[in-house]
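Peer 1: The file below is coords_36.cif, mmCIF, C-alpha atoms (C1' of nucleotides):
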```cif
data_my_file
#
loop_
_atom_site.label_atom_id
_atom_site.label_comp_id
_atom_site.auth_asym_id
_atom_site.auth_seq_id
_atom_site.Cartn_x
_atom_site.Cartn_y
_atom_site.Cartn_z
CA MET A 228 0.00 0.00 0.00
CA ARG A 229 1.43 3.33 -1.09
CA ILE A 230 0.44 6.43 0.88
CA ALA A 231 1.63 9.87 -0.21
CA THR A 232 1.13 13.48 0.85
CA TRP A 233 1.54 16.59 -1.26
CA ASN A 234 0.93 20.26 -0.54
CA VAL A 235 0.02 21.36 -4.06
CA ASN A 236 -0.39 25.10 -3.37
CA SER A 237 -3.55 25.43 -5.52
CA VAL A 238 -5.06 22.28 -6.98
CA LYS A 239 -6.33 24.23 -9.98
CA VAL A 240 -2.84 25.35 -10.98
CA ARG A 241 -1.42 21.90 -10.21
CA LYS A 242 -4.21 19.80 -11.73
CA ASP A 243 -2.21 18.38 -14.65
CA ARG A 244 0.74 17.62 -12.36
CA VAL A 245 -1.49 15.78 -9.90
CA VAL A 246 -3.12 13.73 -12.65
CA ALA A 247 0.24 12.84 -14.17
CA TRP A 248 1.61 11.93 -10.75
CA LEU A 249 -1.33 9.62 -10.05
CA ARG A 250 -0.73 7.89 -13.37
CA GLN A 251 3.00 7.50 -12.80
CA HIS A 252 3.07 6.48 -9.14
CA ARG A 253 -0.35 4.91 -8.53
CA PRO A 254 -0.74 5.68 -4.82
CA ASP A 255 -3.41 3.84 -2.84
CA ALA A 256 -3.95 7.07 -0.94
CA LEU A 257 -2.84 10.57 -1.87
CA CYS A 258 -3.34 13.30 0.70
CA LEU A 259 -3.50 16.82 -0.73
CA GLN A 260 -3.20 20.13 1.10
CA GLU A 261 -3.63 23.77 0.14
CA LEU A 262 -6.28 23.16 -2.49
CA LYS A 263 -7.05 26.89 -2.30
CA THR A 264 -10.46 26.33 -3.81
CA THR A 265 -14.01 25.26 -3.05
CA ASP A 266 -15.47 21.76 -3.30
CA GLU A 267 -17.31 22.87 -6.44
CA ALA A 268 -14.15 23.95 -8.27
CA TYR A 269 -12.10 20.90 -7.25
CA PRO A 270 -11.13 18.95 -10.42
CA ALA A 271 -12.97 15.78 -9.42
CA GLU A 272 -13.58 14.69 -13.01
CA ALA A 273 -9.91 14.81 -13.97
CA VAL A 274 -9.10 12.66 -10.95
CA ARG A 275 -11.93 10.29 -11.75
CA ALA A 276 -10.57 9.89 -15.27
CA GLU A 277 -7.52 8.29 -13.60
CA GLY A 278 -9.81 5.84 -11.87
CA CYS A 279 -9.66 7.58 -8.51
CA ASP A 280 -12.23 8.79 -6.03
CA SER A 281 -11.84 12.03 -4.09
CA ALA A 282 -13.02 13.16 -0.68
CA VAL A 283 -12.71 16.93 -0.53
CA PHE A 284 -12.86 19.57 2.18
CA GLY A 285 -12.42 22.77 0.22
CA GLN A 286 -12.32 26.44 1.11
CA LYS A 287 -12.28 29.57 -1.00
CA ALA A 288 -8.79 31.02 -1.56
CA TYR A 289 -6.99 29.36 1.36
CA ASN A 290 -6.38 25.95 2.93
CA GLY A 291 -8.40 23.00 1.64
CA VAL A 292 -7.52 19.29 1.96
CA ALA A 293 -8.44 16.14 0.07
CA LEU A 294 -8.02 12.38 -0.05
CA ILE A 295 -7.59 10.62 -3.40
CA SER A 296 -7.72 6.86 -3.85
CA PRO A 297 -8.42 4.22 -6.48
CA HIS A 298 -10.23 2.35 -3.68
CA ALA A 299 -13.44 3.27 -1.91
CA ILE A 300 -13.08 6.10 0.62
CA THR A 301 -15.56 5.53 3.45
CA ARG A 302 -16.41 7.08 6.82
CA VAL A 303 -15.34 10.52 5.61
CA VAL A 304 -15.13 13.27 8.19
CA ARG A 305 -14.20 16.90 7.70
CA GLY A 306 -12.75 19.33 10.17
CA LEU A 307 -11.68 19.25 13.79
CA GLY A 308 -14.98 18.60 15.53
CA ASP A 309 -15.06 19.20 19.24
CA GLY A 310 -16.24 15.69 20.03
CA LYS A 311 -19.78 16.49 21.11
CA GLU A 312 -21.17 15.17 17.85
CA ALA A 313 -18.74 12.23 17.78
CA PRO A 314 -17.55 13.42 14.38
CA TRP A 315 -15.26 10.45 13.78
CA LEU A 316 -18.05 7.97 14.25
CA VAL A 317 -20.46 9.06 11.52
CA GLY A 318 -21.89 6.40 9.26
CA ASP A 319 -20.42 5.34 5.95
CA ASP A 320 -23.03 7.08 3.88
CA GLU A 321 -22.96 10.30 5.85
CA VAL A 322 -20.83 13.23 4.87
CA GLU A 323 -20.64 15.57 7.79
CA ARG A 324 -18.92 18.92 7.91
CA LEU A 325 -18.31 19.49 11.54
CA VAL A 326 -16.60 22.48 12.97
CA GLY A 327 -15.52 22.79 16.55
CA ASP A 328 -17.66 25.10 18.63
CA GLU A 329 -15.64 24.83 21.79
CA ALA A 330 -14.54 28.34 22.60
CA ALA A 331 -10.82 28.63 22.25
CA ARG A 332 -9.21 28.44 25.63
CA LEU A 333 -6.63 31.08 24.76
CA PRO A 334 -7.38 34.67 25.77
CA GLY A 335 -7.66 37.69 23.52
CA GLU A 336 -6.25 37.76 20.01
CA SER A 337 -4.76 34.29 20.38
CA GLY A 338 -8.16 32.92 21.24
CA ASP A 339 -9.73 34.67 18.28
CA ALA A 340 -7.04 33.25 16.01
CA ALA A 341 -7.51 29.77 17.48
CA ALA A 342 -11.27 29.92 17.00
CA GLN A 343 -10.79 30.98 13.40
CA LEU A 344 -8.43 28.07 12.72
CA LEU A 345 -11.02 25.57 13.95
CA GLY A 346 -13.35 26.74 11.19
CA GLU A 347 -10.82 26.35 8.40
CA ALA A 348 -10.53 23.40 6.00
CA ARG A 349 -7.42 21.78 7.46
CA LEU A 350 -8.33 18.16 8.15
CA ILE A 351 -10.14 15.38 6.34
CA GLY A 352 -10.19 11.73 7.28
CA GLY A 353 -11.49 8.58 5.67
CA GLU A 354 -11.08 4.85 5.66
CA ILE A 355 -9.18 3.34 2.74
CA ARG A 356 -8.60 -0.41 2.52
CA GLY A 357 -9.03 -0.77 6.25
CA VAL A 358 -6.67 2.06 7.17
CA THR A 359 -7.94 5.36 8.55
CA VAL A 360 -6.09 8.07 6.62
CA PHE A 361 -6.00 11.74 7.52
CA SER A 362 -4.87 14.56 5.27
CA ALA A 363 -3.83 17.42 7.55
CA TYR A 364 -2.77 20.97 6.89
CA PHE A 365 -1.38 22.25 10.18
CA PRO A 366 -1.42 26.04 10.67
CA ASN A 367 1.79 27.83 9.73
CA GLY A 368 1.83 30.24 12.66
CA ARG A 369 3.48 33.10 10.75
CA SER A 370 5.93 34.18 13.46
CA VAL A 371 6.92 32.95 16.89
CA GLY A 372 5.08 34.85 19.58
CA ALA A 373 2.28 36.03 17.32
CA PRO A 374 -1.33 35.19 18.22
CA THR A 375 -1.36 32.94 15.17
CA TYR A 376 1.57 30.97 16.59
CA GLU A 377 -0.23 30.40 19.88
CA ALA A 378 -3.24 29.36 17.83
CA LYS A 379 -1.08 26.92 15.86
CA LEU A 380 -0.03 25.21 19.08
CA ALA A 381 -3.65 25.15 20.28
CA TRP A 382 -4.77 23.57 17.00
CA MET A 383 -2.14 20.88 17.42
CA GLY A 384 -3.33 20.28 20.96
CA ARG A 385 -6.88 19.96 19.69
CA LEU A 386 -5.79 17.39 17.12
CA LEU A 387 -4.10 15.40 19.89
CA GLY A 388 -7.33 15.58 21.87
CA VAL A 389 -9.29 14.11 18.98
CA LEU A 390 -6.77 11.27 18.67
CA GLU A 391 -6.98 10.56 22.39
CA ASP A 392 -10.77 10.70 22.46
CA ARG A 393 -11.62 8.84 19.27
CA PHE A 394 -8.76 6.52 18.38
CA ASP A 395 -6.39 3.98 19.79
CA PRO A 396 -2.70 3.68 18.89
CA LYS A 397 -3.45 0.04 18.09
CA ASP A 398 -5.80 1.16 15.28
CA PRO A 399 -4.39 1.16 11.74
CA LEU A 400 -4.10 4.91 11.32
CA VAL A 401 -2.06 7.26 9.15
CA LEU A 402 -1.77 10.99 9.74
CA ALA A 403 -0.17 12.58 6.70
CA GLY A 404 0.17 16.12 5.50
CA ASP A 405 1.90 19.45 5.74
CA PHE A 406 2.56 19.68 9.48
CA ASN A 407 4.47 22.97 9.16
CA VAL A 408 7.05 21.62 11.62
CA ALA A 409 10.55 20.30 10.93
CA PRO A 410 11.00 17.95 13.91
CA HIS A 411 14.80 17.87 14.08
CA ASP A 412 17.75 20.01 13.10
CA SER A 413 18.69 17.26 10.62
CA ASP A 414 15.42 18.06 8.83
CA ALA A 415 16.87 21.37 7.63
CA LYS A 416 19.73 22.09 5.26
CA ASN A 417 20.46 25.27 7.22
CA PRO A 418 19.13 24.67 10.76
CA GLU A 419 20.73 27.84 12.13
CA LYS A 420 18.92 29.96 9.55
CA TRP A 421 15.54 28.48 10.51
CA ALA A 422 16.11 28.15 14.25
CA GLY A 423 13.81 31.02 15.18
CA SER A 424 11.10 30.25 12.64
CA VAL A 425 7.65 28.84 13.33
CA LEU A 426 8.71 25.74 11.40
CA CYS A 427 11.59 24.85 13.75
CA HIS A 428 10.76 26.55 17.05
CA ALA A 429 10.89 24.45 20.22
CA GLY A 430 7.22 25.08 20.99
CA ALA A 431 6.04 23.65 17.69
CA ARG A 432 8.51 20.77 17.92
CA ASP A 433 7.30 19.92 21.42
CA ALA A 434 3.66 20.03 20.32
CA LEU A 435 4.41 17.70 17.40
CA GLU A 436 6.40 15.36 19.62
CA ARG A 437 3.39 15.05 21.93
CA ILE A 438 1.28 14.03 18.94
CA ARG A 439 3.92 11.51 17.82
CA GLU A 440 4.24 10.12 21.33
CA TRP A 441 0.53 9.38 21.36
CA GLY A 442 1.36 6.45 19.13
CA PHE A 443 2.92 7.32 15.78
CA VAL A 444 6.08 6.41 13.95
CA ASP A 445 7.57 9.11 11.72
CA VAL A 446 7.85 6.79 8.73
CA VAL A 447 10.30 8.86 6.68
CA ARG A 448 12.59 9.23 9.69
CA LYS A 449 12.39 5.48 10.32
CA HIS A 450 13.88 4.82 6.91
CA HIS A 451 16.23 7.84 6.86
CA PRO A 452 17.34 8.38 10.47
CA GLU A 453 20.30 10.47 9.31
CA GLY A 454 17.97 13.17 8.02
CA GLY A 455 18.89 15.35 5.07
CA LEU A 456 15.61 14.78 3.24
CA TYR A 457 13.48 17.85 2.66
CA SER A 458 9.95 18.34 1.37
CA TRP A 459 9.60 22.13 1.05
CA TRP A 460 11.78 24.79 -0.45
CA ASP A 461 10.82 28.48 -0.44
CA TYR A 462 10.05 29.97 -3.84
CA ARG A 463 12.18 32.95 -2.79
CA GLN A 464 15.92 33.30 -2.70
CA LEU A 465 16.64 30.26 -4.87
CA GLY A 466 15.47 27.89 -2.16
CA PHE A 467 15.43 24.75 -4.33
CA PRO A 468 18.57 25.44 -6.42
CA LYS A 469 20.45 25.92 -3.15
CA ASN A 470 18.60 22.96 -1.58
CA ASP A 471 17.72 25.26 1.32
CA GLY A 472 14.92 22.92 2.32
CA LEU A 473 12.99 21.72 5.34
CA ARG A 474 11.18 18.45 6.02
CA ILE A 475 7.79 19.74 7.14
CA ASP A 476 5.54 17.26 5.27
CA HIS A 477 5.16 13.95 7.06
CA VAL A 478 3.65 10.49 7.06
CA PHE A 479 2.94 9.39 10.65
CA ALA A 480 1.65 5.85 11.12
CA THR A 481 0.53 3.83 14.13
CA ALA A 482 2.43 0.63 14.95
CA PRO A 483 0.29 -1.88 13.03
CA VAL A 484 0.89 0.13 9.86
CA ALA A 485 4.40 1.40 10.56
CA GLU A 486 5.79 -2.04 11.30
CA ARG A 487 4.92 -2.96 7.72
CA SER A 488 6.61 0.04 6.12
CA ALA A 489 8.99 -0.96 3.33
CA GLY A 490 10.46 2.40 2.42
CA ALA A 491 9.86 6.14 2.20
CA TRP A 492 11.05 8.83 -0.17
CA VAL A 493 10.57 12.37 -1.42
CA ASP A 494 9.77 12.92 -5.09
CA ARG A 495 12.10 15.86 -5.66
CA ASP A 496 11.39 15.67 -9.39
CA GLN A 497 8.11 17.46 -8.69
CA ARG A 498 9.95 20.46 -7.25
CA LYS A 499 12.25 20.81 -10.25
CA GLY A 500 11.69 22.97 -13.26
CA THR A 501 11.50 26.59 -14.21
CA LYS A 502 8.77 29.14 -13.67
CA THR A 503 6.89 27.88 -16.72
CA ASP A 504 6.81 24.36 -15.24
CA LYS A 505 4.92 25.70 -12.24
CA PRO A 506 6.08 23.36 -9.49
CA SER A 507 4.51 23.58 -6.06
CA ASP A 508 6.89 24.76 -3.37
CA HIS A 509 6.38 21.32 -1.76
CA ALA A 510 7.36 17.90 -3.16
CA PRO A 511 5.33 14.71 -2.60
CA VAL A 512 6.38 12.57 0.36
CA VAL A 513 5.74 8.86 -0.26
CA ALA A 514 5.66 5.85 2.06
CA ASP A 515 5.28 2.23 0.92
CA PHE A 516 3.80 -0.48 3.13
CA ASP A 517 3.53 -4.26 2.81
CA LEU A 518 -0.20 -4.05 3.35
"C1'" DA B 333 17.67 43.23 3.81
"C1'" DT B 334 10.23 43.90 7.02
"C1'" DG B 335 14.13 41.69 0.90
"C1'" DG B 336 12.65 37.60 -2.37
"C1'" DT B 337 8.20 34.48 -5.22
"C1'" DT B 338 3.72 32.44 -5.95
"C1'" DG B 339 -1.43 32.19 -5.68
"C1'" DC B 340 -5.86 34.21 -4.80
"C1'" DT B 341 -8.15 38.09 -5.61
"C1'" DT B 342 -7.95 42.35 -7.28
"C1'" DA B 343 -3.80 45.68 -3.63
"C1'" DG B 344 -3.19 43.10 0.00
"C1'" DC B 345 -2.73 38.84 2.46
"C1'" DA B 346 -0.80 34.29 3.29
"C1'" DA B 347 2.86 31.20 2.87
#
```
Would you write the structure of this file as structure tokens?

Peer 2:
Amino acid sequence: MRIATWNVNSVKVRKDRVVAWLRQHRPDALCLQELKTTDEAYPAEAVRAEGCDSAVFGQKAYNGVALISPHAITRVVRGLGDGKEAPWLVGDDEVERLVGDEAARLPGESGDAAAQLLGEARLIGGEIRGVTVFSAYFPNGRSVGAPTYEAKLAWMGRLLGVLEDRFDPKDPLVLAGDFNVAPHDSDAKNPEKWAGSVLCHAGARDALERIREWGFVDVVRKHHPEGGLYSWWDYRQLGFPKNDGLRIDHVFATAPVAERSAGAWVDRDQRKGTKTDKPSDHAPVVADFDL
DNA sequence: ATGGTTGCTTAGCAA
């Protein structure tokens, strides 16, 4: 079973790339982030022409996540529900869009920012071939100390709460996506340059480590413990030509899935090319399982 | 270098 994640930075601009990638690499599950469009404008027909189903949680202009699979995608849930409606337990034929209504616990601007994040299209889950797969677009945070950074950490805490409330680490579960966190210094070409950024700050790393400790294996790290693999390079300042990258896109798997992992890799080819080739600033991250 | 580039939406924001 091949599970991949790709922040496409506009699915409309990247449609032909996504279709070609599906054809070439035939993932059993592809998690997309930053669709930057509504459900209605999502190119479902082009994906279907490749024999794949889509489950989409879109949003105008920003965010937006999707699951793509050649297999049936069941038990689809959208958003970070607050648990009252048991959002992860809806029936197969139901498609619920549930948004948390729990008032953000943070005060002031941070609380406002946190509440706003809970309403954004950043998480979609579904069951594919017996594995629960989430496509997640963690908040960026903008800058350390900003209300949006506090809100990022709160969002991550909320995600951990959903895992604790609704799932068991013994479940076959994959959390994949753009986590906007590089967990280790070896996940950056220039760790000193990024040390103070929201992508590498201790607070974000701690919050991600708490999620991982709940019961995940970082599958790429398992197969490349030395680091040096990156998944995102800034469009600015020749990020990719200088390989000034960070590994912020991840495939986390619970033990029953992770113990069957056979390899993991980053498709850097998708980040290559000139302006006219229109690459995303992220490359696909791929994990293969004997499942 | 409060720079640089890309995308969405229309001049400013987000990443």

Peer 1: Counting all atoms listed in the file, collect the residues of chain B whose closest atom lies at most 9 Å from chain A, and write them out as a compact mmCIF listing (two decimals) with C-alpha atoms (C1' of nucleotides), in the coordinates of the input.

Peer 2:
```txt
# COMPACT_ATOMS: atom_id res chain seq x y z
C1' DG B 336 12.65 37.60 -2.37
C1' DT B 337 8.20 34.48 -5.22
C1' DT B 338 3.72 32.44 -5.95
C1' DG B 339 -1.43 32.19 -5.68
C1' DC B 340 -5.86 34.21 -4.80
C1' DT B 341 -8.15 38.09 -5.61
C1' DA B 346 -0.80 34.29 3.29
C1' DA B 347 2.86 31.20 2.87
```

Peer 1: Quick one: residues within 12 Å of Leu262 (chain A), all atoms listed in the file counted, chain neighbours fewer than 5 positions away excluded, as number ranges by chain?

Peer 2: A: 233-242, 245, 267-270, 283-294, 348-350, 362-364, 507; B: 339-340

Peer 1: Box in all listed atoms of chain B, axis-aligned, with 3 Å more on each side; write out centre and edge lengths in Å to one decimal as AutoDock Vina command-line options.

Peer 2:
```
--center_x 4.8 --center_y 38.4 --center_z -0.1 --size_x 31.8 --size_y 20.5 --size_z 20.3
```

Peer 1: What does the distance from CA of Leu518 (chain A) to CA of Val304 (chain A) come to in Å, to one decimal?

Peer 2: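 The value is 23.4 Å.
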
Peer 1: Could you tell me which of A:Lys379, A:Arg244, A:Arg495, A:Arg250 comes closest to Ala342 (chain A) if we count all atoms listed in the file?

Peer 2: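 Residue with the minimum atom-to-atom distance to Ala342 (chain A): A:Lys379.
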
Peer 1: How many Å separate CA of Ser337 (chain A) from CA of Ala373 (chain A)?

Peer 2: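 Those two atoms sit 7.9 Å apart.
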
Peer 1: What gap, in Å, lies between CA of Ser488 (chain A) and CA of Val446 (chain A)?

Peer 2: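 Between CA of Ser488 (chain A) and CA of Val446 (chain A) the gap works out to 7.3 Å.
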
Peer 1: Pick out the residues sitting within 9 Å of Val246 (chain A), and hand them over as a ChimeraX atom specification; count all atoms listed in the file, and ignore anything fewer than 6 positions along from it in its own chain.

Peer 2: /A:273-274,276-277

Peer 1: Excluding same-chain residues fewer than 6 positions from Asp412 (chain A), what lies within 10 Å of it counting all atoms listed in the file, as a PyMOL selection string?

Peer 2: chain A and resi 418-419+421-422+427+454-455+473-474

Peer 1: Store the residues picked out above, limited to C-alpha atoms, as a PDB file, keeping the file's coordinate frame.

Peer 2:
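Final file, result16.pdb:
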```pdb
ATOM      1  CA  PRO A 418      19.130  24.670  10.760  1.00  0.00           C
ATOM      2  CA  GLU A 419      20.730  27.840  12.130  1.00  0.00           C
ATOM      3  CA  TRP A 421      15.540  28.480  10.510  1.00  0.00           C
ATOM      4  CA  ALA A 422      16.110  28.150  14.250  1.00  0.00           C
ATOM      5  CA  CYS A 427      11.590  24.850  13.750  1.00  0.00           C
ATOM      6  CA  GLY A 454      17.970  13.170   8.020  1.00  0.00           C
ATOM      7  CA  GLY A 455      18.890  15.350   5.070  1.00  0.00           C
ATOM      8  CA  LEU A 473      12.990  21.720   5.340  1.00  0.00           C
ATOM      9  CA  ARG A 474      11.180  18.450   6.020  1.00  0.00           C
TER      10      ARG A 474
END
```

Peer 1: Mind telling me what the PyMOL selection byres ((chain A and resi 400) around 12) catches here, as a PDB file with C-alpha atoms, in the frame of the given file?

Peer 2:
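Contents of the output file part-v3.pdb:
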```
ATOM      1  CA  ILE A 230       0.440   6.430   0.880  1.00  0.00           C
ATOM      2  CA  GLY A 352     -10.190  11.730   7.280  1.00  0.00           C
ATOM      3  CA  GLY A 353     -11.490   8.580   5.670  1.00  0.00           C
ATOM      4  CA  GLU A 354     -11.080   4.850   5.660  1.00  0.00           C
ATOM      5  CA  ILE A 355      -9.180   3.340   2.740  1.00  0.00           C
ATOM      6  CA  ARG A 356      -8.600  -0.410   2.520  1.00  0.00           C
ATOM      7  CA  GLY A 357      -9.030  -0.770   6.250  1.00  0.00           C
ATOM      8  CA  VAL A 358      -6.670   2.060   7.170  1.00  0.00           C
ATOM      9  CA  THR A 359      -7.940   5.360   8.550  1.00  0.00           C
ATOM     10  CA  VAL A 360      -6.090   8.070   6.620  1.00  0.00           C
ATOM     11  CA  PHE A 361      -6.000  11.740   7.520  1.00  0.00           C
ATOM     12  CA  SER A 362      -4.870  14.560   5.270  1.00  0.00           C
ATOM     13  CA  LEU A 390      -6.770  11.270  18.670  1.00  0.00           C
ATOM     14  CA  ARG A 393     -11.620   8.840  19.270  1.00  0.00           C
ATOM     15  CA  PHE A 394      -8.760   6.520  18.380  1.00  0.00           C
ATOM     16  CA  ASP A 395      -6.390   3.980  19.790  1.00  0.00           C
ATOM     17  CA  PRO A 396      -2.700   3.680  18.890  1.00  0.00           C
ATOM     18  CA  LYS A 397      -3.450   0.040  18.090  1.00  0.00           C
ATOM     19  CA  ASP A 398      -5.800   1.160  15.280  1.00  0.00           C
ATOM     20  CA  PRO A 399      -4.390   1.160  11.740  1.00  0.00           C
ATOM     21  CA  VAL A 401      -2.060   7.260   9.150  1.00  0.00           C
ATOM     22  CA  LEU A 402      -1.770  10.990   9.740  1.00  0.00           C
ATOM     23  CA  ALA A 403      -0.170  12.580   6.700  1.00  0.00           C
ATOM     24  CA  TRP A 441       0.530   9.380  21.360  1.00  0.00           C
ATOM     25  CA  GLY A 442       1.360   6.450  19.130  1.00  0.00           C
ATOM     26  CA  PHE A 443       2.920   7.320  15.780  1.00  0.00           C
ATOM     27  CA  VAL A 444       6.080   6.410  13.950  1.00  0.00           C
ATOM     28  CA  VAL A 478       3.650  10.490   7.060  1.00  0.00           C
ATOM     29  CA  PHE A 479       2.940   9.390  10.650  1.00  0.00           C
ATOM     30  CA  ALA A 480       1.650   5.850  11.120  1.00  0.00           C
ATOM     31  CA  THR A 481       0.530   3.830  14.130  1.00  0.00           C
ATOM     32  CA  ALA A 482       2.430   0.630  14.950  1.00  0.00           C
ATOM     33  CA  PRO A 483       0.290  -1.880  13.030  1.00  0.00           C
ATOM     34  CA  VAL A 484       0.890   0.130   9.860  1.00  0.00           C
ATOM     35  CA  ALA A 485       4.400   1.400  10.560  1.00  0.00           C
TER      36      ALA A 485
END
```

Peer 1: Fewer than 3 positions away in the same chain doesn't count, so skip those; otherwise give me all residues within 12 Å of Asp433 (chain A), counting all atoms listed in the file, as a ChimeraX atom specification.

Peer 2: /A:380,383-384,408-411,426-430,436-440

Peer 1: List the residues sitting within 6 Å of (1.7, 2.3, 3.1) in the file's frame, using all atoms listed in the file, as a list in words.

Peer 2: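 So the residues meeting the distance criterion are Met228, Arg229, Ile230, Ala514, Asp515 and Phe516 of chain A.
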
Peer 1: Quick one: of A:Gly278, A:Val389, A:Pro334, A:Gly472, who's nearest to Gly306 (chain A), counting all atoms listed in the file?

Peer 2: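 Smallest distance to Gly306 (chain A) is found for A:Val389.
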
Peer 1: My list of candidates is A:Val513, A:Val425, A:Ala282, A:Thr265. Which is closest to Glu347 (chain A) when distances are computed with all atoms listed in the file?

Peer 2: A:Thr265
